[in-house]
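Novice: My questions will all concern the structure given below.
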2 protein chains.
Amino acid sequence: MKGLPSLERLVIVLSRFPGVGPKSARRMVYHLLRHGKEATQELIMALEGLRDSIRHCEVCFNLAEDEKCWICADPRRDDARICVVEEPSDLMAMEKAGLFTGRYHVLGGRLSPLDGIGPDELHLAALESRLIQGSVIELIVATNPTVEGEATAHFVAQLAEPLVPRVTRLAYGMPMGGELEYLDESTLYQAMAGRRDFRQKSLNDGVGP
Amino acid sequence: MKGLPSLERLVIVLSRFPGVGPKSARRMVYHLLRHGKEATQELIMALEGLRDSIRHCEVCFNLAEDEKCWICADPRRDDARICVVEEPSDLMAMEKAGLFTGRYHVLGGRLSPLDGIGPDELHLAALESRLIQGSVIELIVATNPTVEGEATAHFVAQLAEPLVPRVTRLAYGMPMGGELEYLDESTLYQAMAGRRDFRQKSLNDGVGP
């Protein structure tokens with residue numbers, strides 16, 4: 001609406017969110033307007049809280065509200081295992097599954113030369129320092145199963161192998177609840193190549209609900 | 001995530017938007033965090049703009065950034081016709097269709113005794129004052145086609161009829177692009193009851209693209 005530049009500006013800013021188009025952004029603004037200035041004020045304050053409170057953990061680069069994140073600050077976590085992920089959201093997904101009891105290291109992205117993201121843009125030096133201390137016995141590389149995530153995984157593994165007794169990665173295979181018929185070829189290939197004996201012991205030391 | 005109360009608080013506030021569940025709210029917060037404090041700051045400023053700039057037009061109660069909204073301030077609009085709508089978003093939908101050239105009156109809701117919304121909660125006194133001035137020749141009631149919208153329409157019509165030569169309402173019938181087969185019975189009933197001769201002149205004085 002030409003007569004309401006402040007409304008239009010907010011619609012544009014909200015439209016930048018993933019999964020939010022101009023129509024739903026407009027619906028969100030109308031929702032705010034219907035609920036009075038208090039609703040807008042509450043959202044502003046929550047955003048200010050995010051802006052002012054969130055930083056990166058100085059050990060693992062997870063999101064944190066203090067110098068260390070809640071995982072690095074937890075004395076009950078296993079120092080001998082570190083799981084490497086690309087983003088804090090990947091860490092949250094792992095934590096939600098609730099089966100890993102070690103520590104994390106958040107790279108802050110993945111190698112992507114076309115976007116100008118090389119090894120120096122990721123938190124690799126900090127990972128190296130953690131591994132050099134010598135108390136880690138397993139590094140689990142949990143980057144995303146994409147081309148760039150794979151390249152990043154290999155880079156991390158190469159860096160870690162001289163420093164850690166064991167470097168592992170997450171298994172590829174069929175996602176639970178899926179149907180074979182609809183699986184893409186490369187996943188099916190990985191599932192077949194990675195097949196295991198029914199009675200094979202899984203590598204789940206230190207990992208479990 | 002227990003370790004990030006400021007993040008969780010923002011997720012809760014964003015989840016209150018229509019069509020935004022906890023999952024998409026979380027995705028929105030991660031989006032903000034990935035784009036640095038500048039993205040959060042930009043959203044805060046856009047929200048502050050909305051909070052500080054938007055008020056209600058003192059004539060028609062549309063959203064406005066000045067005393068009068070852009071429609072009431074436009075000398076080219078037809079003073080002889082007023083279209084009554086429930087909410088500013090209904091007005092925007094009408095304007096987007098772009099076929100009405102008169103003025104508006106925004107009620108600010110609909111009659112809903114169960115929610116404690118009676119005639120005094122709607123901008124009806126202001127509508128009456130506008131009609132008493134005597135320059136309006138048609139009042140078009142465009143409340144929503146719901147039970148409460150209907151009740152509101154009848155109330156408005158009753159109030160307006162002694163003051164305006166003609167009180168009309170939007171036609172009911174088949175929505176364009178729909179299929180007869182899937183129409184609900186009451187819409188089909190209205191479409192049949194409101195059937196018109198192929199050559200009947202429509203009541204489109206003062207209304208047109």
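Identifiers in the structure tokens: chain A, B, ... in order shown; residue index from 1 per chain; ligand index from 1 in order shown.
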Using only C-alpha atoms, determine which residues of chain A fall within 8 Å of chain B; present them as a ChimeraX atom specification.

Specialist: /A:1-4,6-7,9-10,13-14,17-19,24,27-28,30-31,37,40-44,46-51,53-54,63-65,69-70,89,92

Novice: Residues of the last selection are to be written out with C-alpha atoms, as a CSV table (one decimal), in the first residue's frame.

Specialist:
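The file below, selection23.csv, is the result:
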```csv
chain,number,residue,atom,x,y,z
A,1,MET,CA,0.0,0.0,0.0
A,2,LYS,CA,1.6,3.2,-1.1
A,3,GLY,CA,0.3,5.1,1.9
A,4,LEU,CA,2.1,3.0,4.5
A,6,SER,CA,6.6,1.6,7.4
A,7,LEU,CA,4.3,-1.3,6.8
A,9,ARG,CA,9.3,-1.9,4.7
A,10,LEU,CA,8.5,-4.5,7.4
A,13,VAL,CA,12.3,-7.4,5.7
A,14,LEU,CA,10.0,-10.3,6.9
A,17,PHE,CA,13.0,-15.3,6.0
A,18,PRO,CA,13.1,-18.8,4.5
A,19,GLY,CA,9.7,-20.0,3.8
A,24,SER,CA,2.6,-14.5,4.6
A,27,ARG,CA,-0.4,-11.6,7.1
A,28,MET,CA,2.2,-11.4,9.9
A,30,TYR,CA,-1.6,-7.5,10.0
A,31,HIS,CA,-1.5,-9.9,12.9
A,37,LYS,CA,1.5,-2.0,20.0
A,40,THR,CA,5.1,-5.4,18.3
A,41,GLN,CA,6.9,-4.3,21.5
A,42,GLU,CA,7.2,-7.9,22.7
A,43,LEU,CA,8.7,-9.0,19.5
A,44,ILE,CA,11.1,-6.1,19.5
A,46,ALA,CA,12.7,-10.7,22.1
A,47,LEU,CA,14.8,-9.7,19.1
A,48,GLU,CA,16.9,-7.3,21.3
A,49,GLY,CA,17.4,-10.2,23.7
A,50,LEU,CA,18.7,-12.3,20.8
A,51,ARG,CA,20.9,-9.5,19.5
A,53,SER,CA,22.7,-12.1,24.5
A,54,ILE,CA,23.8,-14.6,21.8
A,63,LEU,CA,25.7,-20.5,20.2
A,64,ALA,CA,26.1,-19.4,23.8
A,65,GLU,CA,24.9,-16.8,26.3
A,69,CYS,CA,28.0,-22.9,25.8
A,70,TRP,CA,25.9,-25.1,28.0
A,89,SER,CA,21.4,-25.9,14.1
A,92,MET,CA,20.7,-28.8,18.0
```

Novice: List the spatial neighbours of Leu122 in chain B as an MDAnalysis selection string - criterion: any atom at most 9 Å away, only C-alpha atoms, same-chain residues fewer than 4 positions off excluded.

Specialist: chainID B and resid 86 106:111 117:118

Novice: For the structure I just gave you, how does DSSP split range 110-165 of chain B - specifically, which residues are strand (DSSP E)? Reply as an MDAnalysis selection string.

Specialist: chainID B and resid 138:141

Novice: Mind dumping the selected residues with all heavy atoms as an mmCIF file, in the first residue's frame?

Specialist:
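Done, and the output landed in out.cif:
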```cif
data_model
loop_
_atom_site.group_PDB
_atom_site.id
_atom_site.type_symbol
_atom_site.label_atom_id
_atom_site.label_comp_id
_atom_site.auth_asym_id
_atom_site.auth_seq_id
_atom_site.Cartn_x
_atom_site.Cartn_y
_atom_site.Cartn_z
ATOM 1 N N GLU B 138 -24.577 6.360 -1.581
ATOM 2 C CA GLU B 138 -24.615 4.895 -1.501
ATOM 3 C C GLU B 138 -23.641 4.399 -0.448
ATOM 4 O O GLU B 138 -22.475 4.799 -0.426
ATOM 5 C CB GLU B 138 -24.265 4.259 -2.853
ATOM 6 C CG GLU B 138 -24.338 2.723 -2.784
ATOM 7 C CD GLU B 138 -24.004 2.035 -4.101
ATOM 8 O OE1 GLU B 138 -23.693 2.736 -5.080
ATOM 9 O OE2 GLU B 138 -24.041 0.794 -4.124
ATOM 10 N N LEU B 139 -24.137 3.508 0.410
ATOM 11 C CA LEU B 139 -23.269 2.835 1.384
ATOM 12 C C LEU B 139 -23.198 1.366 0.991
ATOM 13 O O LEU B 139 -24.232 0.683 0.934
ATOM 14 C CB LEU B 139 -23.837 2.971 2.800
ATOM 15 C CG LEU B 139 -22.896 2.487 3.906
ATOM 16 C CD1 LEU B 139 -21.820 3.531 4.173
ATOM 17 C CD2 LEU B 139 -23.660 2.191 5.192
ATOM 18 N N ILE B 140 -21.992 0.899 0.684
ATOM 19 C CA ILE B 140 -21.811 -0.493 0.271
ATOM 20 C C ILE B 140 -21.270 -1.269 1.470
ATOM 21 O O ILE B 140 -20.179 -0.980 1.962
ATOM 22 C CB ILE B 140 -20.819 -0.582 -0.898
ATOM 23 C CG1 ILE B 140 -21.341 0.224 -2.087
ATOM 24 C CG2 ILE B 140 -20.560 -2.035 -1.286
ATOM 25 C CD1 ILE B 140 -20.287 0.591 -3.092
ATOM 26 N N VAL B 141 -22.057 -2.235 1.946
ATOM 27 C CA VAL B 141 -21.642 -2.989 3.124
ATOM 28 C C VAL B 141 -20.851 -4.212 2.658
ATOM 29 O O VAL B 141 -21.387 -5.086 1.978
ATOM 30 C CB VAL B 141 -22.849 -3.398 3.985
ATOM 31 C CG1 VAL B 141 -22.366 -4.090 5.254
ATOM 32 C CG2 VAL B 141 -23.694 -2.186 4.320
#
```

Novice: Would you list, as a ChimeraX atom specification, the residues of range 49-206 of chain A that end up in helix (DSSP H, G or I) under DSSP run on this structure's backbone?

Specialist: /A:49-53,88-97,113-115,119-121,124-132,147-160,180-182,185-193

Novice: For the selection you just gave me, I'd like the residues written to a file as a compact mmCIF listing (two decimals), in the first residue's frame, keeping C-alpha atoms.

Specialist:
```
# COMPACT_ATOMS: atom_id res chain seq x y z
CA GLY A 49 17.41 -10.20 23.68
CA LEU A 50 18.73 -12.32 20.83
CA ARG A 51 20.90 -9.49 19.50
CA ASP A 52 22.42 -8.68 22.88
CA SER A 53 22.70 -12.12 24.51
CA PRO A 88 24.76 -24.71 15.53
CA SER A 89 21.44 -25.92 14.06
CA ASP A 90 23.10 -29.27 13.23
CA LEU A 91 24.28 -29.51 16.84
CA MET A 92 20.73 -28.83 18.03
CA ALA A 93 19.42 -31.63 15.80
CA MET A 94 22.00 -34.03 17.29
CA GLU A 95 21.13 -32.96 20.83
CA LYS A 96 17.43 -33.40 20.11
CA ALA A 97 18.12 -37.00 19.08
CA PRO A 113 35.49 -22.24 -2.85
CA LEU A 114 32.90 -20.69 -5.19
CA ASP A 115 31.47 -18.71 -2.26
CA PRO A 119 39.70 -23.57 5.36
CA ASP A 120 40.60 -20.21 6.96
CA GLU A 121 36.92 -19.22 7.12
CA LEU A 124 39.67 -25.40 11.99
CA ALA A 125 42.65 -23.91 13.85
CA ALA A 126 40.65 -24.04 17.07
CA LEU A 127 39.75 -27.68 16.36
CA GLU A 128 43.42 -28.50 15.80
CA SER A 129 44.36 -26.90 19.15
CA ARG A 130 41.71 -28.96 20.93
CA LEU A 131 42.98 -32.18 19.34
CA ILE A 132 46.67 -31.40 20.05
CA VAL A 147 29.07 -32.51 -2.07
CA GLU A 148 30.44 -29.58 -0.07
CA GLY A 149 29.79 -31.31 3.26
CA GLU A 150 31.68 -34.35 1.97
CA ALA A 151 34.65 -32.27 0.85
CA THR A 152 34.68 -30.60 4.26
CA ALA A 153 34.53 -34.00 6.00
CA HIS A 154 37.58 -35.21 4.07
CA PHE A 155 39.49 -32.04 4.88
CA VAL A 156 38.68 -32.38 8.59
CA ALA A 157 39.58 -36.08 8.60
CA GLN A 158 42.97 -35.37 6.98
CA LEU A 159 43.69 -32.68 9.56
CA ALA A 160 42.59 -34.89 12.47
CA LEU A 180 12.95 -48.26 -0.80
CA GLU A 181 10.97 -47.58 -3.93
CA TYR A 182 11.38 -43.83 -3.56
CA GLU A 185 20.14 -44.08 -6.43
CA SER A 186 23.11 -42.69 -4.55
CA THR A 187 21.47 -43.29 -1.16
CA LEU A 188 20.57 -46.83 -2.22
CA TYR A 189 24.14 -47.34 -3.41
CA GLN A 190 25.46 -46.16 -0.03
CA ALA A 191 22.98 -48.35 1.83
CA MET A 192 24.09 -51.39 -0.17
CA ALA A 193 27.82 -50.60 0.06
```

Novice: Just how far from CA of Ala142 in chain B is CA of Leu170 in chain B, in Å to one decimal?

Specialist: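 These atoms are spaced 5.9 Å apart.
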
Novice: Can you work out the spacing between CA of Gly116 in chain B and CA of Val84 in chain B in Å, to one decimal?

Specialist: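 Those two atoms sit 21.1 Å apart.
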
Novice: Go through B:Ala171, B:Val85, B:Val164, B:Cys72 one by one, measure the shortest atom-to-atom distance of each to His123 in chain B using only C-alpha atoms, and give the residue with the smallest value.

Specialist: B:Val85
